[in-house]
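Engineer: Sharing upload_23.txt (compact mmCIF, C-alpha atoms) below.
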# COMPACT_ATOMS: atom_id res chain seq x y z
CA MET A 250 -7.26 22.01 49.33
CA SER A 251 -9.06 23.54 52.21
CA SER A 252 -10.33 27.05 52.60
CA PHE A 253 -6.71 28.14 52.50
CA PHE A 254 -6.68 27.75 48.74
CA VAL A 255 -10.27 28.48 47.87
CA ARG A 256 -10.89 31.64 49.83
CA LYS A 257 -7.50 33.30 49.68
CA SER A 258 -6.88 35.59 46.76
CA TRP A 259 -3.08 35.77 46.57
CA TRP A 260 -2.79 32.97 44.05
CA LYS A 261 -5.51 34.45 41.88
CA ILE A 262 -3.60 37.72 41.75
CA LEU A 263 -0.43 35.74 41.03
CA SER A 264 -2.18 33.95 38.16
CA PHE A 265 -3.37 37.26 36.72
CA VAL A 266 0.06 38.85 36.98
CA LEU A 267 1.82 35.84 35.47
CA LEU A 268 -0.62 35.63 32.58
CA ALA A 269 -0.36 39.35 31.90
CA TYR A 270 3.41 38.90 31.84
CA THR A 271 3.04 35.85 29.58
CA ILE A 272 0.94 37.70 27.06
CA ILE A 273 2.91 40.94 27.07
CA GLY A 274 6.34 39.33 27.40
CA GLY A 275 5.40 36.48 25.13
CA PHE A 276 4.60 38.79 22.25
CA LEU A 277 7.21 41.49 22.82
CA LEU A 278 10.36 39.88 24.23
CA ASP A 279 13.08 38.62 21.94
CA VAL A 280 12.92 35.01 20.79
CA PRO A 281 15.45 32.90 18.87
CA ARG A 282 14.58 32.66 15.17
CA LEU A 283 15.00 29.13 13.90
CA PRO A 284 14.22 27.92 10.38
CA ILE A 285 10.58 26.83 9.94
CA LEU A 286 9.64 27.84 13.49
CA ASN A 287 10.54 31.53 13.24
CA GLU A 288 8.25 33.68 15.32
CA SER A 289 5.74 30.85 15.78
CA ILE A 290 7.90 29.67 18.69
CA ARG A 291 5.93 32.16 20.77
CA ASN A 292 3.12 29.62 20.70
CA LEU A 293 5.26 27.65 23.16
CA TYR A 294 3.92 29.92 25.90
CA PHE A 295 0.35 28.98 25.07
CA HIS A 296 0.24 25.57 23.41
CA VAL A 297 2.64 23.64 25.63
CA CYS A 298 1.25 25.26 28.77
CA MET A 299 -2.23 23.96 27.88
CA TRP A 300 -0.95 20.39 27.98
CA PHE A 301 0.87 21.00 31.23
CA GLY A 302 -2.30 22.47 32.69
CA MET A 303 -4.41 19.60 31.37
CA MET A 304 -2.18 16.92 32.84
CA ILE A 305 -1.98 18.66 36.20
CA LEU A 306 -5.77 19.09 36.35
CA PHE A 307 -6.30 15.43 35.41
CA ILE A 308 -3.86 14.36 38.10
CA VAL A 309 -5.79 16.43 40.65
CA SER A 310 -9.04 14.88 39.43
CA PHE A 311 -7.50 11.41 39.79
CA ILE A 312 -6.39 12.17 43.36
CA TYR A 313 -9.88 13.35 44.30
CA SER A 314 -11.37 10.18 42.84
CA ILE A 315 -9.11 8.14 45.10
CA LYS A 316 -10.09 10.36 48.01
CA TYR A 317 -13.75 9.80 47.18
CA LEU A 318 -13.37 6.02 47.29
CA ARG A 319 -11.57 6.27 50.61
CA THR A 320 -13.99 8.65 52.30
CA SER A 321 -17.29 8.47 50.36
CA ASN A 322 -17.53 12.22 50.86
CA HIS A 323 -19.66 13.71 48.09
CA ARG A 324 -17.51 16.84 48.10
CA ASN A 325 -14.56 14.88 46.69
CA ASP A 326 -16.70 13.63 43.82
CA ILE A 327 -17.62 17.19 42.86
CA PHE A 328 -13.95 18.16 42.98
CA ALA A 329 -12.96 15.22 40.79
CA SER A 330 -15.59 15.88 38.13
CA LYS A 331 -14.99 19.62 37.91
CA PHE A 332 -11.22 19.28 37.68
CA ALA A 333 -11.74 16.72 34.91
CA ALA A 334 -14.07 19.14 33.12
CA VAL A 335 -11.58 22.00 33.20
CA GLY A 336 -8.79 19.59 32.22
CA SER A 337 -10.80 18.60 29.14
CA LEU A 338 -11.30 22.28 28.30
CA PHE A 339 -7.54 22.79 28.46
CA GLY A 340 -7.08 19.75 26.23
CA ILE A 341 -9.40 21.23 23.61
CA LEU A 342 -7.57 24.57 23.85
CA GLY A 343 -4.29 22.66 23.49
CA TYR A 344 -5.61 21.19 20.25
CA ALA A 345 -6.75 24.59 19.05
CA THR A 346 -3.38 26.26 19.70
CA GLY A 347 -1.63 23.21 18.25
CA THR A 348 -3.52 23.44 14.97
CA ILE A 349 -2.38 27.04 14.52
CA TRP A 350 1.19 26.00 15.10
CA ALA A 351 0.98 22.92 12.89
CA ASN A 352 -0.60 24.98 10.15
CA TYR A 353 2.41 27.32 9.89
CA THR A 354 5.16 24.77 10.47
CA TRP A 355 4.21 21.27 9.35
CA ILE A 356 1.67 22.07 6.67
CA THR A 357 2.85 25.36 5.15
CA ASP A 358 6.60 24.95 5.52
CA GLN A 359 7.11 21.21 5.42
CA ASN A 360 4.27 20.30 3.05
CA GLN A 361 3.02 17.48 5.25
CA SER A 362 -0.30 15.95 4.30
CA LEU A 363 -3.15 16.15 6.77
CA ALA A 364 -3.17 12.36 7.11
CA ASN A 365 0.46 12.48 8.20
CA VAL A 366 -0.23 15.17 10.75
CA LEU A 367 -3.19 13.27 12.18
CA LYS A 368 -0.99 10.24 12.83
CA GLU A 369 1.10 12.25 15.25
CA PRO A 370 1.64 10.24 18.44
CA LYS A 371 1.06 13.32 20.58
CA LEU A 372 -2.26 13.86 18.82
CA ILE A 373 -3.20 10.24 19.39
CA GLY A 374 -2.27 10.46 23.06
CA ALA A 375 -4.25 13.65 23.52
CA ALA A 376 -7.18 12.14 21.61
CA ILE A 377 -7.15 9.14 23.96
CA ALA A 378 -7.15 11.47 26.96
CA LEU A 379 -10.09 13.48 25.63
CA LEU A 380 -12.02 10.31 24.67
CA ILE A 381 -11.46 8.89 28.16
CA TYR A 382 -12.81 11.99 29.84
CA GLY A 383 -15.64 12.16 27.30
CA ALA A 384 -16.55 8.62 28.31
CA TYR A 385 -16.23 9.65 31.96
CA PHE A 386 -18.87 12.34 31.50
CA VAL A 387 -21.14 10.02 29.51
CA LEU A 388 -20.84 7.52 32.34
CA ARG A 389 -21.67 10.19 34.92
CA GLY A 390 -24.68 11.21 32.87
CA SER A 391 -26.11 7.70 32.82
CA PHE A 392 -26.80 7.53 36.56
CA THR A 393 -29.67 8.97 38.49
CA ASP A 394 -28.48 7.88 41.92
CA ILE A 395 -25.78 10.32 43.04
CA ASP A 396 -23.92 7.93 45.35
CA LYS A 397 -23.74 5.25 42.71
CA ARG A 398 -22.71 7.81 40.10
CA ALA A 399 -19.92 9.10 42.32
CA ARG A 400 -18.58 5.65 43.15
CA VAL A 401 -18.69 4.09 39.69
CA SER A 402 -17.32 7.15 37.93
CA ALA A 403 -14.50 7.37 40.49
CA VAL A 404 -13.61 3.76 39.68
CA TYR A 405 -13.58 4.51 35.96
CA ASN A 406 -11.58 7.69 36.46
CA ILE A 407 -8.88 5.85 38.40
CA PHE A 408 -8.72 2.93 35.96
CA ALA A 409 -8.69 5.09 32.86
CA PHE A 410 -6.07 7.43 34.30
CA ALA A 411 -3.84 4.49 35.17
CA MET A 412 -4.16 3.22 31.58
CA LEU A 413 -3.66 6.69 30.09
CA PHE A 414 -0.18 7.26 31.44
CA PRO A 415 1.45 4.14 30.01
CA SER A 416 -0.11 4.95 26.66
CA ILE A 417 1.34 8.45 26.69
CA TRP A 418 4.75 6.94 27.33
CA ILE A 419 4.38 4.06 24.90
CA ILE A 420 2.74 5.47 21.78
CA PRO A 421 5.38 8.13 21.00
CA ARG A 422 7.94 5.34 20.92
CA LEU A 423 5.89 3.32 18.43
CA VAL A 424 4.90 5.86 15.81
CA GLY A 425 7.16 8.19 13.87
CA SER A 426 6.67 11.85 14.67
CA LEU A 427 7.13 15.35 13.35
CA HIS A 428 6.77 16.71 16.82
CA PRO A 429 9.86 17.98 18.64
CA GLY A 430 11.47 15.27 20.71
CA ALA A 431 10.50 12.37 18.47
CA PRO A 432 12.70 9.27 18.29
CA GLY A 433 15.38 9.86 15.71
CA SER A 434 15.38 13.61 16.14
CA GLU A 435 18.22 15.26 18.01
CA SER A 436 16.68 15.42 21.44
CA GLY A 437 15.66 11.75 21.36
CA ASN A 438 13.29 11.86 24.28
CA PRO A 439 9.59 11.77 23.41
CA ALA A 440 8.79 13.71 26.54
CA LEU A 441 9.62 17.37 26.72
CA ASN A 442 13.36 17.95 26.74
CA PHE A 443 14.30 20.88 28.92
CA ASN A 444 17.84 21.10 27.60
CA ASP A 445 16.92 22.30 24.14
CA ILE A 446 14.94 25.32 25.26
CA ASP A 447 16.71 28.60 24.75
CA SER A 448 17.13 30.64 27.93
CA ARG A 449 15.29 33.56 26.32
CA LEU A 450 12.26 31.31 26.06
CA ARG A 451 12.59 29.98 29.56
CA ILE A 452 12.05 33.31 31.28
CA VAL A 453 8.53 33.43 29.86
CA PHE A 454 7.81 29.72 29.50
CA TYR A 455 8.13 28.68 33.17
CA PRO A 456 6.00 31.54 34.56
CA ALA A 457 3.48 30.83 31.79
CA ILE A 458 3.07 27.21 32.91
CA ILE A 459 2.39 28.32 36.48
CA GLY A 460 0.04 31.09 35.35
CA TRP A 461 -2.09 28.93 33.08
CA THR A 462 -2.28 26.10 35.60
CA LEU A 463 -3.40 28.50 38.31
CA LEU A 464 -6.02 29.87 35.93
CA GLY A 465 -7.30 26.32 35.41
CA VAL A 466 -7.49 25.74 39.14
CA TRP A 467 -9.29 29.05 39.53
CA ILE A 468 -11.93 28.12 36.95
CA ALA A 469 -12.31 24.73 38.60
CA THR A 470 -12.81 26.22 42.07
CA ILE A 471 -15.53 28.52 40.76
CA LYS A 472 -17.31 25.57 39.14
CA ILE A 473 -16.91 23.57 42.34
CA ARG A 474 -18.38 26.32 44.50
CA LEU A 475 -21.30 26.66 42.14
CA GLN A 476 -21.98 22.93 42.29
CA LEU A 477 -21.64 22.89 46.08
CA LEU A 478 -24.27 25.63 46.28
CA LYS A 479 -26.56 23.72 43.93
CA ASP A 480 -26.22 20.54 45.97
CA LYS A 481 -26.52 22.28 49.31
CA THR A 482 -29.91 20.80 49.92
CA LEU A 483 -28.74 17.30 49.06
CA ILE A 484 -25.57 16.97 51.05
CA ASN A 485 -23.93 18.13 54.18
CA VAL A 486 -20.56 19.44 53.22
CA MET B 8 -8.53 -20.06 46.10
CA LYS B 9 -11.15 -22.79 46.21
CA ALA B 10 -13.91 -20.21 45.85
CA ILE B 11 -12.31 -18.89 42.66
CA PHE B 12 -12.43 -22.31 41.05
CA THR B 13 -15.96 -22.97 42.23
CA LEU B 14 -17.10 -19.69 40.69
CA LEU B 15 -15.15 -20.42 37.53
CA LYS B 16 -16.67 -23.87 37.31
CA LYS B 17 -20.13 -22.39 37.79
CA ASP B 18 -19.59 -20.02 34.86
CA LEU B 19 -18.26 -22.79 32.64
CA VAL B 20 -21.10 -25.16 33.52
CA LEU B 21 -23.57 -22.38 32.88
CA GLU B 22 -21.99 -21.80 29.49
CA LEU B 23 -22.29 -25.50 28.64
CA ARG B 24 -25.92 -25.61 29.69
CA GLN B 25 -27.00 -22.40 27.99
CA GLN B 26 -25.28 -23.05 24.73
CA HIS B 27 -27.31 -20.56 22.74
CA THR B 28 -25.12 -17.62 23.82
CA PHE B 29 -21.96 -19.49 22.92
CA TYR B 30 -23.28 -20.42 19.50
CA GLY B 31 -24.59 -16.91 19.10
CA VAL B 32 -21.09 -15.50 19.40
CA LEU B 33 -19.73 -18.20 17.09
CA LEU B 34 -22.30 -17.26 14.51
CA TYR B 35 -21.39 -13.61 14.95
CA ILE B 36 -17.73 -14.38 14.25
CA ALA B 37 -18.50 -16.60 11.28
CA SER B 38 -20.90 -14.17 9.65
CA THR B 39 -18.62 -11.17 10.17
CA ILE B 40 -15.70 -12.94 8.59
CA PHE B 41 -17.92 -14.21 5.79
CA VAL B 42 -19.01 -10.65 5.07
CA LEU B 43 -15.35 -9.63 4.98
CA TYR B 44 -14.64 -12.49 2.58
CA LEU B 45 -17.39 -11.32 0.26
CA SER B 46 -16.36 -7.68 0.36
CA ILE B 47 -12.57 -7.99 0.09
CA ASP B 48 -11.07 -11.25 -0.96
CA GLU B 49 -7.34 -10.53 -1.07
CA PRO B 50 -6.44 -7.95 1.57
CA ALA B 51 -2.82 -6.83 1.84
CA ALA B 52 -0.91 -7.85 4.95
CA ASN B 53 -1.42 -4.61 6.89
CA VAL B 54 -5.11 -4.44 5.98
CA TRP B 55 -5.50 -8.05 7.06
CA ASN B 56 -3.78 -7.27 10.34
CA GLY B 57 -5.92 -4.21 11.01
CA LEU B 58 -9.15 -6.03 10.15
CA PHE B 59 -8.23 -8.98 12.31
CA TRP B 60 -7.68 -6.92 15.44
CA VAL B 61 -10.74 -4.73 14.93
CA ILE B 62 -12.83 -7.89 14.58
CA GLN B 63 -11.25 -9.21 17.79
CA LEU B 64 -12.35 -6.05 19.54
CA PHE B 65 -15.98 -6.48 18.50
CA VAL B 66 -15.96 -10.20 19.22
CA CYS B 67 -14.65 -9.38 22.68
CA ILE B 68 -17.43 -6.89 23.35
CA ASN B 69 -19.97 -9.50 22.37
CA THR B 70 -18.34 -12.28 24.35
CA VAL B 71 -17.49 -10.42 27.51
CA ALA B 72 -20.42 -8.01 27.67
CA LYS B 73 -22.80 -10.56 29.05
CA SER B 74 -20.50 -11.67 31.86
CA PHE B 75 -21.97 -9.16 34.25
CA LEU B 76 -25.27 -8.54 32.52
CA GLN B 77 -26.38 -12.13 32.88
CA GLU B 78 -26.11 -11.96 36.66
CA SER B 79 -29.41 -10.91 38.11
CA LYS B 80 -29.60 -8.70 41.16
CA GLY B 81 -30.65 -11.55 43.42
CA ARG B 82 -27.83 -13.74 42.26
CA MET B 83 -25.30 -10.95 42.82
CA LEU B 84 -26.60 -10.67 46.36
CA TYR B 85 -26.04 -14.38 46.79
CA PHE B 86 -22.44 -14.15 45.52
CA TYR B 87 -21.94 -11.24 47.84
CA SER B 88 -22.78 -13.43 50.79
CA VAL B 89 -20.64 -16.42 49.77
CA ALA B 90 -17.54 -14.95 48.11
CA SER B 91 -15.19 -12.01 48.48
CA PRO B 92 -15.09 -9.42 45.68
CA VAL B 93 -11.48 -10.31 44.84
CA GLU B 94 -12.37 -13.97 44.37
CA PHE B 95 -15.35 -13.01 42.28
CA ILE B 96 -13.47 -10.69 39.90
CA ILE B 97 -10.57 -13.12 39.50
CA SER B 98 -12.96 -15.92 38.56
CA LYS B 99 -14.67 -13.62 36.07
CA LEU B 100 -11.34 -12.55 34.59
CA LEU B 101 -10.21 -16.16 34.23
CA TYR B 102 -13.50 -17.23 32.69
CA ASN B 103 -13.45 -14.38 30.17
CA ILE B 104 -9.82 -15.06 29.30
CA ILE B 105 -10.64 -18.70 28.55
CA LEU B 106 -13.68 -17.78 26.50
CA MET B 107 -11.95 -15.00 24.59
CA ILE B 108 -8.87 -17.10 23.78
CA LEU B 109 -11.17 -19.77 22.39
CA MET B 110 -13.05 -17.21 20.28
CA SER B 111 -9.81 -15.59 19.09
CA VAL B 112 -8.37 -18.88 17.96
CA ILE B 113 -11.60 -19.76 16.17
CA SER B 114 -11.69 -16.42 14.38
CA LEU B 115 -8.01 -16.76 13.46
CA PHE B 116 -8.80 -20.15 11.96
CA LEU B 117 -11.68 -18.68 9.98
CA PHE B 118 -9.50 -15.81 8.81
CA PHE B 119 -6.99 -18.34 7.52
CA ILE B 120 -9.69 -20.23 5.66
CA PHE B 121 -11.72 -17.40 4.18
CA LEU B 122 -9.20 -14.64 3.59
CA ASN B 123 -5.79 -15.23 2.12
CA ASN B 124 -3.01 -15.92 4.58
CA PRO B 125 -0.25 -13.31 4.71
CA VAL B 126 1.12 -14.72 7.97
CA THR B 127 4.50 -16.33 7.48
CA ASP B 128 4.97 -17.52 11.04
CA SER B 129 1.60 -18.98 12.01
CA LEU B 130 2.72 -20.34 15.37
CA ARG B 131 4.07 -17.00 16.49
CA PHE B 132 0.94 -15.21 15.32
CA THR B 133 -1.24 -17.68 17.22
CA GLY B 134 0.79 -16.88 20.33
CA ILE B 135 0.26 -13.15 19.80
CA VAL B 136 -3.47 -13.75 19.28
CA VAL B 137 -3.71 -15.67 22.56
CA LEU B 138 -1.81 -12.93 24.38
CA GLY B 139 -3.93 -10.21 22.80
CA GLY B 140 -7.22 -11.99 23.38
CA ALA B 141 -6.39 -12.39 27.04
CA GLY B 142 -5.46 -8.72 27.43
CA ILE B 143 -8.48 -7.33 25.60
CA SER B 144 -10.87 -9.58 27.49
CA MET B 145 -9.51 -8.43 30.87
CA VAL B 146 -10.01 -4.76 30.09
CA PHE B 147 -13.53 -5.38 28.86
CA THR B 148 -14.39 -7.52 31.89
CA LEU B 149 -13.78 -4.52 34.10
CA MET B 150 -15.63 -2.22 31.68
CA SER B 151 -18.54 -4.64 31.71
CA ALA B 152 -18.57 -4.55 35.52
CA ILE B 153 -18.71 -0.76 35.40
CA ALA B 154 -21.34 -0.63 32.67
CA ALA B 155 -23.50 -3.16 34.51
CA LYS B 156 -23.88 -0.59 37.28
CA ALA B 157 -25.30 1.93 34.82
CA GLN B 158 -28.52 0.88 33.19
CA GLN B 159 -27.84 1.38 29.48
CA ASN B 160 -25.24 -1.30 29.16
CA ALA B 161 -24.02 -2.60 25.84
CA ALA B 162 -23.35 0.76 24.19
CA LEU B 163 -21.66 2.06 27.28
CA ILE B 164 -19.11 -0.78 27.27
CA ALA B 165 -17.87 0.33 23.86
CA ILE B 166 -17.73 4.00 24.86
CA LEU B 167 -15.83 3.26 28.05
CA GLY B 168 -13.58 0.57 26.65
CA PHE B 169 -12.34 1.91 23.32
CA PRO B 170 -10.14 4.74 24.52
CA VAL B 171 -8.69 2.52 27.23
CA ILE B 172 -7.94 -0.42 24.94
CA LEU B 173 -6.36 1.69 22.19
CA PRO B 174 -2.71 1.56 23.35
CA GLN B 175 -2.89 -2.19 23.84
CA LEU B 176 -4.40 -2.63 20.41
CA LEU B 177 -1.70 -0.50 18.80
CA LEU B 178 0.97 -2.55 20.56
CA LEU B 179 -0.63 -5.80 19.40
CA MET B 180 -0.91 -4.64 15.79
CA ARG B 181 2.72 -3.60 15.91
CA LEU B 182 3.80 -6.89 17.46
CA SER B 183 1.76 -8.87 14.92
CA LYS B 184 3.98 -7.55 12.18
CA THR B 185 6.76 -9.85 13.38
CA ALA B 186 4.62 -12.71 12.10
CA PHE B 187 4.36 -10.98 8.71
CA ALA B 188 8.09 -11.34 8.10
CA GLU B 189 8.77 -7.73 8.94
CA VAL B 190 12.26 -7.31 10.32
CA PHE B 191 12.49 -5.76 13.78
CA LYS B 192 15.40 -4.37 15.69
CA SER B 193 16.90 -7.02 17.95
CA GLY B 194 15.17 -6.96 21.31
CA ALA B 195 12.21 -4.95 20.03
CA VAL B 196 9.92 -7.97 19.92
CA LEU B 197 10.78 -8.91 23.47
CA GLN B 198 10.26 -5.30 24.55
CA LEU B 199 6.81 -5.12 22.93
CA THR B 200 5.77 -8.45 24.45
CA GLY B 201 7.00 -7.24 27.82
CA LEU B 202 5.00 -4.03 27.49
CA ILE B 203 1.81 -5.91 26.65
CA ILE B 204 2.28 -8.28 29.57
CA GLY B 205 3.05 -5.30 31.80
CA LEU B 206 -0.20 -3.60 30.77
CA ASP B 207 -2.09 -6.84 31.45
CA VAL B 208 -0.58 -7.03 34.93
CA LEU B 209 -1.60 -3.41 35.50
CA VAL B 210 -5.17 -4.23 34.46
CA VAL B 211 -5.32 -7.20 36.85
CA VAL B 212 -3.99 -5.12 39.73
CA MET B 213 -6.43 -2.30 39.01
CA ALA B 214 -9.31 -4.80 38.76
CA ILE B 215 -8.43 -6.32 42.13
CA VAL B 216 -8.06 -2.93 43.79
CA LEU B 217 -11.11 -1.27 42.25
CA PHE B 218 -13.69 -4.03 41.95
CA PRO B 219 -14.56 -4.12 45.68
CA TYR B 220 -15.86 -0.54 45.31
CA LEU B 221 -18.12 -1.51 42.43
CA TRP B 222 -19.32 -4.56 44.29
CA LYS B 223 -20.82 -2.99 47.37
CA GLU B 224 -24.25 -1.58 46.73
Once more with this new file: its structure as structure tokens, please.
Structural biologist:
Amino acid sequence: MSSFFVRKSWWKILSFVLLAYTIIGGFLLDVPRLPILNESIRNLYFHVCMWFGMMILFIVSFIYSIKYLRTSNHRNDIFASKFAAVGSLFGILGYATGTIWANYTWITDQNQSLANVLKEPKLIGAAIALLIYGAYFVLRGSFTDIDKRARVSAVYNIFAFAMLFPSIWIIPRLVGSLHPGAPGSESGNPALNFNDIDSRLRIVFYPAIIGWTLLGVWIATIKIRLQLLKDKTLINV
Amino acid sequence: MKAIFTLLKKDLVLELRQQHTFYGVLLYIASTIFVLYLSIDEPAANVWNGLFWVIQLFVCINTVAKSFLQESKGRMLYFYSVASPVEFIISKLLYNIILMILMSVISLFLFFIFLNNPVTDSLRFTGIVVLGGAGISMVFTLMSAIAAKAQQNAALIAILGFPVILPQLLLLMRLSKTAFAEVFKSGAVLQLTGLIIGLDVLVVVMAIVLFPYLWKE
């Protein structure tokens, strides 16, 4: 991600346009009305996109951690930590949008108890992800030496990320779920099933994923540039 | 290969000479389980299972935590000059696996004595305990290596390790239920065991790949 991505503005405009379309189209366009879900399906454009954005940002953070270990360039460490920070923010927003959705579907319409909802495998997986990145920031905070901090936290980031993915694949297959795509439900696949999305949803959903992810990258690049300016005296980048 | 066994032997001999740490952990296990015995005498099978694995987790932190903390800076420098990082981490992993399996089996024995025994297939459960002990100890060995680099150690190991160990622990608790006479789908037990072993292999590979970066100062 050289200056091509950071300094150019086309993708920022694209992000803005896509998100404007997501919000306007997401609230005004026609959606299929299913029992229980009803109009709340519009949350698909916000809630699911947060998780997409989070995973993509964490993957980018992971790649920069590998790059740091290969090059020992301090710049890569800043990239890794800031992408992880924005990824965590998206995770928290994913929880927030998810609670709204769960409130109107699982709790109000299906009378699920809170304990049942909290045992959701997707919630557990997301909780593990947020705990891992919480630990990552605690670890970063416990160093005073910046080289040591960068190296050790890169090692933890890579290890934790490698352990996170199997758990996201495994846990949904172990625990029963209310979430769409649980074992036993019609779609069968615990990951997102693209076949059961109505085409009316798709025309907003796909642009929304791209828009939100670009917004995340945008926030991350601003944070990175700020940090690079702060560390200008310390490093040659 | 020879270096691995020399390092392993050094750790074992050290353990035999400085027995206070070993007995310290034993006492920790015994007193924890005794407290459990006093507070709940007849736990149901799933409570028993949950308690057992949570205790394993804490025993592991206590057992494995010191593996990197006990090495002083000068001694690390010496190892650096005589062994490769891969040899060093493999010897540490092996040593912690041995130690943790021993501790797991002891705590299982104490669980059987003090708390009632809901396990119907003791042999199978012992196998699961050995498998689980080995897996948990490997993850915490690497966490201990990371935490040793930061100054505030013991608390950091728990913070770093818990989210990472969670999936493995859930798998182990699930697998343990086979020993409680719960009926599984055919092939499910094999699948779970395979998953746990797969995760263990992943941990070993990650340890071998990543430890050299922690090692150089």
Engineer: Using all atoms listed in the file, find which residues of chain A lie within 7 Å of chain B and jot them down as a PyMOL selection string.
Structural biologist: chain A and resi 377+380-381+384+391-392+401+404+408-409+412+416+420
Engineer: Atom CA of A:Ala376 to atom CA of A:Ile341: how many Å, to one decimal?
Structural biologist: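 Interatomic distance, atom CA of A:Ala376 to atom CA of A:Ile341: 9.6 Å.
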Engineer: Given all atoms listed in the file as the basis, pick out the residue of B:Val112, B:Ser74, B:Val66, B:Trp60 nearest to B:Leu182.
Structural biologist: B:Trp60
Engineer: I want to know what sits within 9 Å of A:Leu268, based on all atoms listed in the file, with residues of the same chain fewer than 4 positions away left out; could you give that as a VMD selection string?
Structural biologist: chain A and resid 263 to 264 272 to 273 456 to 457 459 to 461 464
Engineer: Using C-alpha atoms, can you export the residues from the last selection as a PDB file, in the coordinates of the input?
Structural biologist:
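Output file selection_20.pdb is given in full below:
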ATOM      1  CA  LEU A 263      -0.430  35.740  41.030  1.00  0.00           C
ATOM      2  CA  SER A 264      -2.180  33.950  38.160  1.00  0.00           C
ATOM      3  CA  ILE A 272       0.940  37.700  27.060  1.00  0.00           C
ATOM      4  CA  ILE A 273       2.910  40.940  27.070  1.00  0.00           C
ATOM      5  CA  PRO A 456       6.000  31.540  34.560  1.00  0.00           C
ATOM      6  CA  ALA A 457       3.480  30.830  31.790  1.00  0.00           C
ATOM      7  CA  ILE A 459       2.390  28.320  36.480  1.00  0.00           C
ATOM      8  CA  GLY A 460       0.040  31.090  35.350  1.00  0.00           C
ATOM      9  CA  TRP A 461      -2.090  28.930  33.080  1.00  0.00           C
ATOM     10  CA  LEU A 464      -6.020  29.870  35.930  1.00  0.00           C
TER      11      LEU A 464
END
Engineer: So the first atom is atom CA of A:Leu278 and the second is atom CA of A:Leu338; what is the distance between them in Å, to one decimal place?
Structural biologist: 28.2 Å
Engineer: From the list B:Tyr102, B:Phe29, B:Tyr44, B:Phe86, which residue is nearest B:Met145 when using all atoms listed in the file?
Structural biologist: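 Looking at the shortest contact to B:Met145, the residue is B:Tyr102.
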Engineer: Rounded to one decimal, what separation in Å do you get between atom CA of B:Ser98 and atom CA of B:Ile11?
Structural biologist: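 Those two atoms sit 5.1 Å apart.
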Engineer: Select, from B:Ala155, B:Leu176, B:Val32, B:Leu15, the residue with the minimum atom-to-atom distance to B:Gly57, counting only C-alpha atoms.
Structural biologist: B:Leu176
Engineer: Would you give the centre and edge lengths, in Å to one decimal, of a box along x, y and z around the listed atoms of stretch 76-92 of chain B, with 5 Å added to each side, as AutoDock Vina command-line options?
Structural biologist:
--center_x -22.9 --center_y -12.5 --center_z 41.7 --size_x 25.6 --size_y 17.9 --size_z 28.3
Engineer: Hey, what's within 12 Å of B:Leu45 if we count all atoms listed in the file and toss same-chain stuff fewer than 5 positions away? As a short mmCIF file (atom, residue, chain, number, x, y, z; two decimals) with C-alpha atoms, in the frame of the given file, please?
Structural biologist:
data_model
loop_
_atom_site.label_atom_id
_atom_site.label_comp_id
_atom_site.auth_asym_id
_atom_site.auth_seq_id
_atom_site.Cartn_x
_atom_site.Cartn_y
_atom_site.Cartn_z
CA SER B 38 -20.90 -14.17 9.65
CA THR B 39 -18.62 -11.17 10.17
CA ILE B 40 -15.70 -12.94 8.59
CA PRO B 50 -6.44 -7.95 1.57
CA PHE B 121 -11.72 -17.40 4.18
CA LEU B 122 -9.20 -14.64 3.59
#
Engineer: Fewer than 6 positions away in the same chain doesn't count, so skip those; otherwise give me all residues within 10 Å of A:Ala345, counting all atoms listed in the file, as a ChimeraX atom specification.
Structural biologist: /A:296,299,339
Engineer: For a quick check of your reading of the model, name the residues lying within 9 Å of the coordinate (11.0, 31.9, 19.1), counting only C-alpha atoms, and write them as a compact mmCIF listing (two decimals) with C-alpha atoms, in the frame of the given file.
Structural biologist:
# COMPACT_ATOMS: atom_id res chain seq x y z
CA ASP A 279 13.08 38.62 21.94
CA VAL A 280 12.92 35.01 20.79
CA PRO A 281 15.45 32.90 18.87
CA ARG A 282 14.58 32.66 15.17
CA LEU A 283 15.00 29.13 13.90
CA LEU A 286 9.64 27.84 13.49
CA ASN A 287 10.54 31.53 13.24
CA GLU A 288 8.25 33.68 15.32
CA SER A 289 5.74 30.85 15.78
CA ILE A 290 7.90 29.67 18.69
CA ARG A 291 5.93 32.16 20.77
CA ASN A 292 3.12 29.62 20.70
CA LEU A 293 5.26 27.65 23.16
CA ASP A 447 16.71 28.60 24.75
CA ARG A 449 15.29 33.56 26.32
CA LEU A 450 12.26 31.31 26.06
Engineer: Dump as a compact mmCIF listing (two decimals) with C-alpha atoms, keeping the file's coordinate frame all residues having an atom at most 12 Å from (-2.9, 17.3, 45.6), computed in the file's coordinates with only C-alpha atoms.
Structural biologist:
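Dumped to selection_21.txt:
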# COMPACT_ATOMS: atom_id res chain seq x y z
CA MET A 250 -7.26 22.01 49.33
CA SER A 251 -9.06 23.54 52.21
CA PHE A 254 -6.68 27.75 48.74
CA ILE A 305 -1.98 18.66 36.20
CA LEU A 306 -5.77 19.09 36.35
CA PHE A 307 -6.30 15.43 35.41
CA ILE A 308 -3.86 14.36 38.10
CA VAL A 309 -5.79 16.43 40.65
CA SER A 310 -9.04 14.88 39.43
CA PHE A 311 -7.50 11.41 39.79
CA ILE A 312 -6.39 12.17 43.36
CA TYR A 313 -9.88 13.35 44.30
CA SER A 314 -11.37 10.18 42.84
CA ILE A 315 -9.11 8.14 45.10
CA LYS A 316 -10.09 10.36 48.01
CA ASN A 325 -14.56 14.88 46.69
CA PHE A 328 -13.95 18.16 42.98
CA ALA A 329 -12.96 15.22 40.79
CA PHE A 332 -11.22 19.28 37.68
CA VAL A 466 -7.49 25.74 39.14
